[in-house]
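Engineer: My structure is in upload07.txt, and what it holds is compact mmCIF, C-alpha atoms and all ligand atoms:
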```txt
# COMPACT_ATOMS: atom_id res chain seq x y z
CA MET A 8 3.05 52.70 62.37
CA ASP A 9 1.76 54.61 65.38
CA ARG A 10 -0.61 57.55 65.27
CA ASN A 11 2.15 60.19 65.34
CA ALA A 12 4.17 58.53 62.58
CA ILE A 13 1.04 58.33 60.44
CA SER A 14 0.27 62.01 61.10
CA GLU A 15 3.77 63.14 60.15
CA ARG A 16 3.76 61.12 56.95
CA VAL A 17 0.31 62.41 55.95
CA ARG A 18 1.31 65.98 56.78
CA ALA A 19 4.32 65.74 54.45
CA GLN A 20 2.01 65.09 51.50
CA MET A 21 -0.08 68.23 51.65
CA PRO A 22 0.24 71.99 51.88
CA GLU A 23 0.18 73.39 55.42
CA ARG A 24 -3.37 74.80 55.04
CA ARG A 25 -4.69 71.34 54.15
CA TRP A 26 -2.95 69.92 57.22
CA ALA A 27 -4.71 72.61 59.29
CA HIS A 28 -8.00 71.39 57.77
CA THR A 29 -7.07 67.80 58.66
CA ALA A 30 -6.29 68.81 62.26
CA GLY A 31 -9.70 70.54 62.41
CA VAL A 32 -11.43 67.40 61.10
CA MET A 33 -9.60 65.30 63.76
CA GLU A 34 -10.79 67.52 66.59
CA THR A 35 -14.36 67.78 65.28
CA ALA A 36 -14.61 64.07 64.44
CA VAL A 37 -13.53 63.07 67.96
CA SER A 38 -16.08 65.38 69.53
CA LEU A 39 -18.91 64.18 67.21
CA ALA A 40 -17.91 60.55 67.90
CA GLU A 41 -18.20 61.17 71.64
CA ARG A 42 -21.58 62.84 71.19
CA TYR A 43 -23.08 60.23 68.87
CA GLY A 44 -21.51 57.01 70.12
CA ALA A 45 -18.84 56.17 67.55
CA ASP A 46 -15.32 55.10 68.54
CA PRO A 47 -13.31 58.34 69.01
CA ALA A 48 -9.96 56.65 68.27
CA LYS A 49 -11.29 55.29 64.97
CA ALA A 50 -12.80 58.67 64.12
CA GLU A 51 -9.47 60.36 64.74
CA LEU A 52 -7.51 57.84 62.67
CA ALA A 53 -9.95 58.13 59.74
CA ALA A 54 -9.78 61.93 60.02
CA ILE A 55 -5.95 61.93 59.92
CA LEU A 56 -5.98 59.91 56.70
CA HIS A 57 -9.17 61.15 55.02
CA ASP A 58 -7.50 63.60 52.61
CA VAL A 59 -4.13 61.83 52.31
CA ALA A 60 -4.44 61.60 48.51
CA LYS A 61 -6.12 64.98 47.97
CA TYR A 62 -2.99 66.65 46.58
CA TRP A 63 -1.69 63.78 44.54
CA LYS A 64 -1.54 64.43 40.82
CA ILE A 65 -4.79 63.45 39.15
CA GLU A 66 -2.95 60.90 36.94
CA ASP A 67 -1.54 59.26 40.06
CA GLN A 68 -4.96 59.19 41.73
CA LYS A 69 -6.44 57.68 38.59
CA ARG A 70 -3.78 54.96 38.45
CA GLU A 71 -4.32 54.00 42.09
CA LEU A 72 -8.09 54.06 41.65
CA ILE A 73 -7.85 51.63 38.74
CA GLU A 74 -5.28 49.50 40.57
CA SER A 75 -7.60 49.25 43.57
CA GLY A 76 -10.15 47.47 41.37
CA GLU A 77 -12.91 49.43 43.08
CA ALA A 78 -13.25 52.44 40.81
CA GLY A 79 -16.82 51.51 39.88
CA ASP A 80 -18.46 54.44 38.09
CA LEU A 81 -16.21 57.07 39.72
CA LEU A 82 -14.00 57.50 36.66
CA GLU A 83 -17.03 59.00 34.88
CA TYR A 84 -17.43 61.70 37.55
CA ASP A 85 -15.56 64.67 39.01
CA PRO A 86 -11.92 63.74 39.83
CA GLN A 87 -12.48 65.63 43.13
CA LEU A 88 -14.38 62.53 44.26
CA TRP A 89 -11.47 60.16 43.70
CA HIS A 90 -9.20 61.08 46.62
CA ALA A 91 -11.56 59.45 49.13
CA HIS A 92 -11.34 56.01 47.50
CA VAL A 93 -7.65 56.40 46.77
CA GLY A 94 -7.18 57.44 50.41
CA ALA A 95 -8.79 54.23 51.69
CA TYR A 96 -6.70 52.16 49.30
CA VAL A 97 -3.39 53.71 50.33
CA ALA A 98 -4.34 53.77 54.03
CA ARG A 99 -4.40 49.99 53.84
CA ARG A 100 -1.48 49.47 51.50
CA ASP A 101 0.97 52.14 52.69
CA TYR A 102 -0.11 52.78 56.29
CA GLY A 103 -1.10 49.26 57.29
CA ILE A 104 -4.63 50.19 58.38
CA GLU A 105 -6.68 46.99 58.43
CA ASP A 106 -9.74 48.22 60.32
CA GLN A 107 -12.54 48.06 57.77
CA GLU A 108 -14.66 50.62 59.65
CA VAL A 109 -11.85 53.15 59.48
CA LEU A 110 -11.16 52.37 55.82
CA ASP A 111 -14.86 52.79 54.98
CA ALA A 112 -15.03 56.12 56.82
CA ILE A 113 -12.18 57.33 54.60
CA ARG A 114 -13.66 55.81 51.44
CA TRP A 115 -17.11 57.35 51.81
CA HIS A 116 -16.16 60.71 53.34
CA THR A 117 -16.78 62.68 50.14
CA SER A 118 -19.68 61.02 48.30
CA GLY A 119 -21.47 59.49 51.25
CA ARG A 120 -23.43 56.30 50.54
CA ILE A 121 -26.63 54.47 51.40
CA GLY A 122 -26.57 52.92 54.88
CA MET A 123 -23.76 55.01 56.31
CA THR A 124 -22.42 53.86 59.69
CA THR A 125 -22.25 56.34 62.58
CA LEU A 126 -18.46 56.51 62.12
CA GLU A 127 -18.84 57.30 58.40
CA LYS A 128 -21.38 60.04 59.19
CA VAL A 129 -19.15 61.52 61.89
CA VAL A 130 -16.13 61.82 59.58
CA CYS A 131 -18.18 63.12 56.67
CA LEU A 132 -19.89 65.74 58.85
CA ALA A 133 -16.63 66.74 60.56
CA ASP A 134 -15.20 67.36 57.09
CA TYR A 135 -18.06 69.82 56.41
CA MET A 136 -17.99 71.69 59.71
CA GLU A 137 -14.44 71.69 61.13
CA PRO A 138 -13.57 75.14 62.56
CA GLY A 139 -11.62 76.25 59.47
CA ARG A 140 -14.48 75.68 57.02
CA GLU A 141 -16.28 78.70 55.66
CA PHE A 142 -19.11 78.46 53.16
CA PRO A 143 -22.71 79.66 53.04
CA GLY A 144 -24.75 77.59 55.51
CA VAL A 145 -21.85 76.18 57.53
CA ASP A 146 -23.05 77.80 60.76
CA ARG A 147 -26.45 76.20 60.38
CA ILE A 148 -24.74 72.84 59.96
CA ARG A 149 -22.73 73.44 63.16
CA GLU A 150 -25.92 74.36 65.04
CA GLU A 151 -27.79 71.31 63.78
CA ALA A 152 -24.83 69.04 64.61
CA VAL A 153 -25.51 69.58 68.31
CA ARG A 154 -28.99 68.08 67.91
CA SER A 155 -28.97 65.61 65.04
CA LEU A 156 -26.11 63.90 63.19
CA ASP A 157 -28.43 62.91 60.35
CA ARG A 158 -30.08 66.31 59.94
CA ALA A 159 -26.73 68.09 60.00
CA LEU A 160 -25.33 65.73 57.38
CA VAL A 161 -28.38 66.28 55.14
CA LEU A 162 -27.60 70.01 55.31
CA GLY A 163 -24.00 69.22 54.35
CA PHE A 164 -25.04 67.21 51.29
CA ASP A 165 -27.58 69.94 50.46
CA SER A 166 -24.79 72.52 50.38
CA THR A 167 -22.69 70.37 48.03
CA ILE A 168 -25.63 69.59 45.75
CA THR A 169 -26.70 73.27 45.70
CA PHE A 170 -23.14 74.27 44.79
CA LEU A 171 -22.99 71.71 41.97
CA LEU A 172 -26.40 72.81 40.65
CA ALA A 173 -25.45 76.49 40.76
CA ASN A 174 -22.33 75.73 38.76
CA GLY A 175 -23.96 73.46 36.20
CA ARG A 176 -21.88 70.50 37.37
CA PRO A 177 -22.88 66.83 37.27
CA ILE A 178 -23.96 65.31 40.60
CA TYR A 179 -22.57 61.94 41.61
CA PRO A 180 -25.77 59.87 42.01
CA LEU A 181 -24.59 58.24 45.25
CA THR A 182 -24.54 61.65 46.97
CA VAL A 183 -28.24 62.06 46.13
CA LEU A 184 -28.95 58.49 47.31
CA ALA A 185 -27.04 59.12 50.55
CA ARG A 186 -29.10 62.25 51.20
CA ASN A 187 -32.39 60.48 50.40
CA ASP A 188 -31.44 57.61 52.69
CA LEU A 189 -30.84 59.99 55.63
CA ILE A 190 -34.16 61.76 55.00
CA ARG A 191 -35.95 58.40 54.92
CA LEU A 192 -34.34 57.52 58.28
CA LEU A 193 -35.42 60.86 59.77
CA ASP A 194 -38.99 60.46 58.45
CA LYS A 195 -39.17 56.97 59.97
CA GLU A 196 -37.98 58.32 63.31
CA ALA A 197 -40.63 61.06 63.17
CA ASP A 198 -43.37 58.48 62.41
CA ASN A 199 -42.33 56.38 65.38
CA GLY A 200 -42.78 59.45 67.55
O1 LIG B 301 -11.57 67.00 50.41
P1 LIG B 301 -12.30 68.16 51.02
O2 LIG B 301 -12.14 69.43 50.24
O3 LIG B 301 -11.99 68.36 52.47
O4 LIG B 301 -13.87 67.83 50.97
P2 LIG B 301 -14.57 66.62 50.19
O5 LIG B 301 -13.84 65.36 50.35
O6 LIG B 301 -16.00 66.63 50.67
O7 LIG B 301 -14.48 67.04 48.66
C1 LIG B 301 -15.59 67.61 48.12
C2 LIG B 301 -15.30 68.08 46.75
O8 LIG B 301 -15.85 67.19 45.79
C3 LIG B 301 -16.01 69.40 46.62
O9 LIG B 301 -15.13 70.33 46.02
C4 LIG B 301 -17.18 69.07 45.72
C5 LIG B 301 -16.64 67.93 44.90
N1 LIG B 301 -17.71 67.13 44.29
C6 LIG B 301 -17.91 67.08 42.96
N2 LIG B 301 -18.98 66.35 42.68
C7 LIG B 301 -19.46 65.89 43.85
C8 LIG B 301 -18.65 66.38 44.89
N3 LIG B 301 -18.89 66.08 46.18
C9 LIG B 301 -19.95 65.28 46.44
N4 LIG B 301 -20.22 64.94 47.71
N5 LIG B 301 -20.79 64.80 45.48
C10 LIG B 301 -20.59 65.08 44.17
O10 LIG B 301 -21.36 64.67 43.30
FE FE B 302 -11.85 65.02 51.15
FE FE B 303 -11.39 66.99 54.00
```
Can I see the file as structure tokens?
Ligand code: DGI
Ligand code: FE
Ligand code: FE
Structural biologist:
Amino acid sequence: MDRNAISERVRAQMPERRWAHTAGVMETAVSLAERYGADPAKAELAAILHDVAKYWKIEDQKRELIESGEAGDLLEYDPQLWHAHVGAYVARRDYGIEDQEVLDAIRWHTSGRIGMTTLEKVVCLADYMEPGREFPGVDRIREEAVRSLDRALVLGFDSTITFLLANGRPIYPLTVLARNDLIRLLDKEADNG
């Protein structure tokens, strides 16, 4: 399937406003990839597919997650986290994407993880700051994204964690670990002058 066929098929599975978000993530991910040295074509492909399963019924997402054999501890946490893993699974199965870097950028776009690749960071950050996003702190993330991919992504995770805390929601531990990992990287960079 070529890029346009994939786009059309993804678009058919979501409301128009979510497709507008996806188009924003594509544009932002390509520009972040160019700035920070990830492959822009891979960033765009991961962006097209990142929310492919977002509007599937929760029961369907759950079934695919279990079928994938890679649910891990996700079933114990917010179903909002599932679409990223389901997206990676169906990107391979239904869209023929074999590129592991692209699949991982889809898989980890919501939770983040320890040891994120530049491509994973780019897609995750683009998801936070695409032009259509509006939430408290998003402009600061956009400003920081010009200077530091890692610092901007920390601010993104901070906004999610702050939101979850304010609403008394559980926090998926990997999001905290992903944030800590980025801060450790930044501290190391600062030490090395
Ligand atoms: O799919 P999007 O809306 O574009 O964005 P996303 O993939 O980052 O989804 C984030 C949603 O997941 C957001 O509504 C918050 C929710 N969520 C619930 N618990 C957690 C969480 N997100 C993260 N990163 N970590 C959590 O523990
Ligand atoms: Fe998402
Ligand atoms: Fe998204």
Engineer: Could you give me the axis-aligned bounding box of segment 91-102 of chain A, with 3 Å of padding per side, as centre plus edge lengths in Å to one decimal, as JSON?
Structural biologist:
```
{"center_x": -5.3, "center_y": 54.5, "center_z": 51.5, "size_x": 18.5, "size_y": 16.0, "size_z": 15.5}
```
Engineer: Ligand FE 303 (chain B): which residues are within 7 Å, counting all atoms listed in the file? Reply as a compact mmCIF listing (two decimals) with C-alpha atoms, in the coordinates of the input.
Structural biologist:
```txt
# COMPACT_ATOMS: atom_id res chain seq x y z
CA HIS A 28 -8.00 71.39 57.77
CA THR A 29 -7.07 67.80 58.66
CA HIS A 57 -9.17 61.15 55.02
CA ASP A 58 -7.50 63.60 52.61
CA ASP A 134 -15.20 67.36 57.09
```
Engineer: Considering all atoms listed in the file, return as a list in words whatever protein or nucleic-acid residues lie within 12 Å of Gly139 of chain A, sequence-local ones (same chain, fewer than 4 positions apart) excluded.
Structural biologist: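 In the requested format, the answer is Arg24, Arg25, Trp26, Ala27, His28, Thr29, Ala30, Gly31, Val32, Met33, Glu34, Thr35, Ala133, Asp134, Tyr135, Val145 and Asp146 of chain A.
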Engineer: Could I get the residues of chain A with an atom no further than 9 Å from an atom of ligand FE 302 (chain B), each paired with its nearest atom pair and that distance in Å to one decimal, using only C-alpha atoms and all ligand atoms, sorted by chain and residue number, as a Markdown table?
Structural biologist:
```
| residue | atom | partner | partner_atom | distance |
| --- | --- | --- | --- | --- |
| A:His57 | CA | B:FE302 | FE | 6.1 |
| A:Asp58 | CA | B:FE302 | FE | 4.8 |
| A:Val59 | CA | B:FE302 | FE | 8.4 |
| A:Ala60 | CA | B:FE302 | FE | 8.6 |
| A:Lys61 | CA | B:FE302 | FE | 6.6 |
| A:Gln87 | CA | B:FE302 | FE | 8.1 |
| A:Leu88 | CA | B:FE302 | FE | 7.8 |
| A:Trp89 | CA | B:FE302 | FE | 8.9 |
| A:His90 | CA | B:FE302 | FE | 6.6 |
| A:Ala91 | CA | B:FE302 | FE | 5.9 |
| A:Gly94 | CA | B:FE302 | FE | 8.9 |
| A:Ile113 | CA | B:FE302 | FE | 8.4 |
| A:His116 | CA | B:FE302 | FE | 6.5 |
| A:Thr117 | CA | B:FE302 | FE | 5.5 |
| A:Cys131 | CA | B:FE302 | FE | 8.6 |
| A:Asp134 | CA | B:FE302 | FE | 7.2 |
```
Engineer: Name the closest residue to ligand LIG 301 (chain B) among the candidates A:Arg147, A:Arg158, A:Lys195, A:Arg140; distances are taken between atoms, counting only C-alpha atoms and all ligand atoms.
Structural biologist: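 Among the listed residues, the smallest separation from ligand LIG 301 (chain B) belongs to A:Arg140.
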Engineer: So what do you get for atom CA of Leu110 of chain A versus atom P1 of ligand LIG 301 (chain B), distance-wise?
Structural biologist: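 Computed distance, atom CA of Leu110 of chain A to atom P1 of ligand LIG 301 (chain B), equals 16.5 Å.
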Engineer: Please report the interatomic distance between atom CA of Pro138 of chain A and atom CA of Ala173 of chain A in Å with one decimal.
Structural biologist: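 Distance between the two atoms: 24.9 Å.
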Engineer: Taking all atoms listed in the file into account, name the residue in A:Tyr96, A:Trp63, A:Tyr43, A:Tyr84 that is nearest to ligand LIG 301 (chain B).
Structural biologist: A:Tyr84
Engineer: What is the distance between atom CA of Leu181 of chain A and atom CA of Ser75 of chain A, in Å to one decimal?
Structural biologist: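 A separation of 19.3 Å between them.
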Engineer: Could you please fill out segment 181-192 of chain A with all heavy atoms and send it back as a compact mmCIF listing (two decimals), keeping the file's coordinate frame?
Structural biologist:
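What landed in part.txt:
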```
# COMPACT_ATOMS: atom_id res chain seq x y z
N LEU A 181 -24.64 58.79 43.89
CA LEU A 181 -24.59 58.24 45.25
C LEU A 181 -24.76 59.33 46.31
O LEU A 181 -25.29 59.05 47.40
CB LEU A 181 -23.26 57.48 45.44
CG LEU A 181 -23.14 56.61 46.70
CD1 LEU A 181 -24.30 55.63 46.81
CD2 LEU A 181 -21.80 55.88 46.71
N THR A 182 -24.34 60.54 46.01
CA THR A 182 -24.54 61.65 46.97
C THR A 182 -26.04 61.92 47.16
O THR A 182 -26.51 62.14 48.28
CB THR A 182 -23.81 62.92 46.50
OG1 THR A 182 -22.41 62.65 46.43
CG2 THR A 182 -24.03 64.08 47.46
N VAL A 183 -26.78 61.86 46.05
CA VAL A 183 -28.24 62.06 46.13
C VAL A 183 -28.88 60.89 46.90
O VAL A 183 -29.74 61.09 47.76
CB VAL A 183 -28.85 62.16 44.71
CG1 VAL A 183 -30.37 62.26 44.77
CG2 VAL A 183 -28.25 63.35 43.96
N LEU A 184 -28.40 59.68 46.62
CA LEU A 184 -28.95 58.49 47.31
C LEU A 184 -28.63 58.54 48.80
O LEU A 184 -29.46 58.16 49.63
CB LEU A 184 -28.38 57.21 46.69
CG LEU A 184 -28.78 56.96 45.23
CD1 LEU A 184 -28.08 55.71 44.69
CD2 LEU A 184 -30.30 56.82 45.08
N ALA A 185 -27.43 59.01 49.14
CA ALA A 185 -27.04 59.12 50.55
C ALA A 185 -27.96 60.10 51.26
O ALA A 185 -28.44 59.85 52.38
CB ALA A 185 -25.58 59.56 50.66
N ARG A 186 -28.21 61.24 50.61
CA ARG A 186 -29.10 62.25 51.20
C ARG A 186 -30.52 61.71 51.37
O ARG A 186 -31.13 61.86 52.43
CB ARG A 186 -29.11 63.49 50.30
CG ARG A 186 -30.12 64.54 50.71
CD ARG A 186 -30.09 65.71 49.73
NE ARG A 186 -31.07 66.74 50.11
CZ ARG A 186 -32.35 66.70 49.76
NH1 ARG A 186 -32.82 65.69 49.04
NH2 ARG A 186 -33.15 67.67 50.14
N ASN A 187 -31.03 61.04 50.31
CA ASN A 187 -32.39 60.48 50.40
C ASN A 187 -32.49 59.47 51.53
O ASN A 187 -33.50 59.42 52.25
CB ASN A 187 -32.77 59.79 49.09
CG ASN A 187 -32.98 60.77 47.95
OD1 ASN A 187 -33.02 61.99 48.16
ND2 ASN A 187 -33.09 60.25 46.74
N ASP A 188 -31.45 58.66 51.67
CA ASP A 188 -31.44 57.61 52.69
C ASP A 188 -31.53 58.23 54.09
O ASP A 188 -32.28 57.74 54.95
CB ASP A 188 -30.15 56.80 52.54
CG ASP A 188 -30.12 55.56 53.40
OD1 ASP A 188 -31.14 54.84 53.43
OD2 ASP A 188 -29.10 55.31 54.05
N LEU A 189 -30.80 59.31 54.32
CA LEU A 189 -30.84 59.99 55.63
C LEU A 189 -32.24 60.58 55.88
O LEU A 189 -32.76 60.51 56.99
CB LEU A 189 -29.80 61.10 55.70
CG LEU A 189 -28.33 60.66 55.69
CD1 LEU A 189 -27.41 61.86 55.53
CD2 LEU A 189 -28.00 59.90 56.98
N ILE A 190 -32.82 61.16 54.84
CA ILE A 190 -34.16 61.76 55.00
C ILE A 190 -35.19 60.68 55.31
O ILE A 190 -36.06 60.87 56.16
CB ILE A 190 -34.53 62.58 53.74
CG1 ILE A 190 -33.62 63.83 53.68
CG2 ILE A 190 -36.01 62.97 53.74
CD1 ILE A 190 -33.75 64.64 52.42
N ARG A 191 -35.06 59.53 54.65
CA ARG A 191 -35.95 58.40 54.92
C ARG A 191 -35.83 57.97 56.39
O ARG A 191 -36.83 57.74 57.07
CB ARG A 191 -35.57 57.24 54.00
CG ARG A 191 -36.73 56.40 53.55
CD ARG A 191 -36.30 55.40 52.47
NE ARG A 191 -36.13 56.00 51.16
CZ ARG A 191 -35.05 55.90 50.39
NH1 ARG A 191 -34.01 55.20 50.79
NH2 ARG A 191 -35.00 56.48 49.21
N LEU A 192 -34.58 57.87 56.87
CA LEU A 192 -34.34 57.52 58.28
C LEU A 192 -35.02 58.52 59.21
O LEU A 192 -35.68 58.13 60.19
CB LEU A 192 -32.84 57.56 58.59
CG LEU A 192 -31.98 56.35 58.34
CD1 LEU A 192 -30.53 56.69 58.66
CD2 LEU A 192 -32.45 55.18 59.20
```
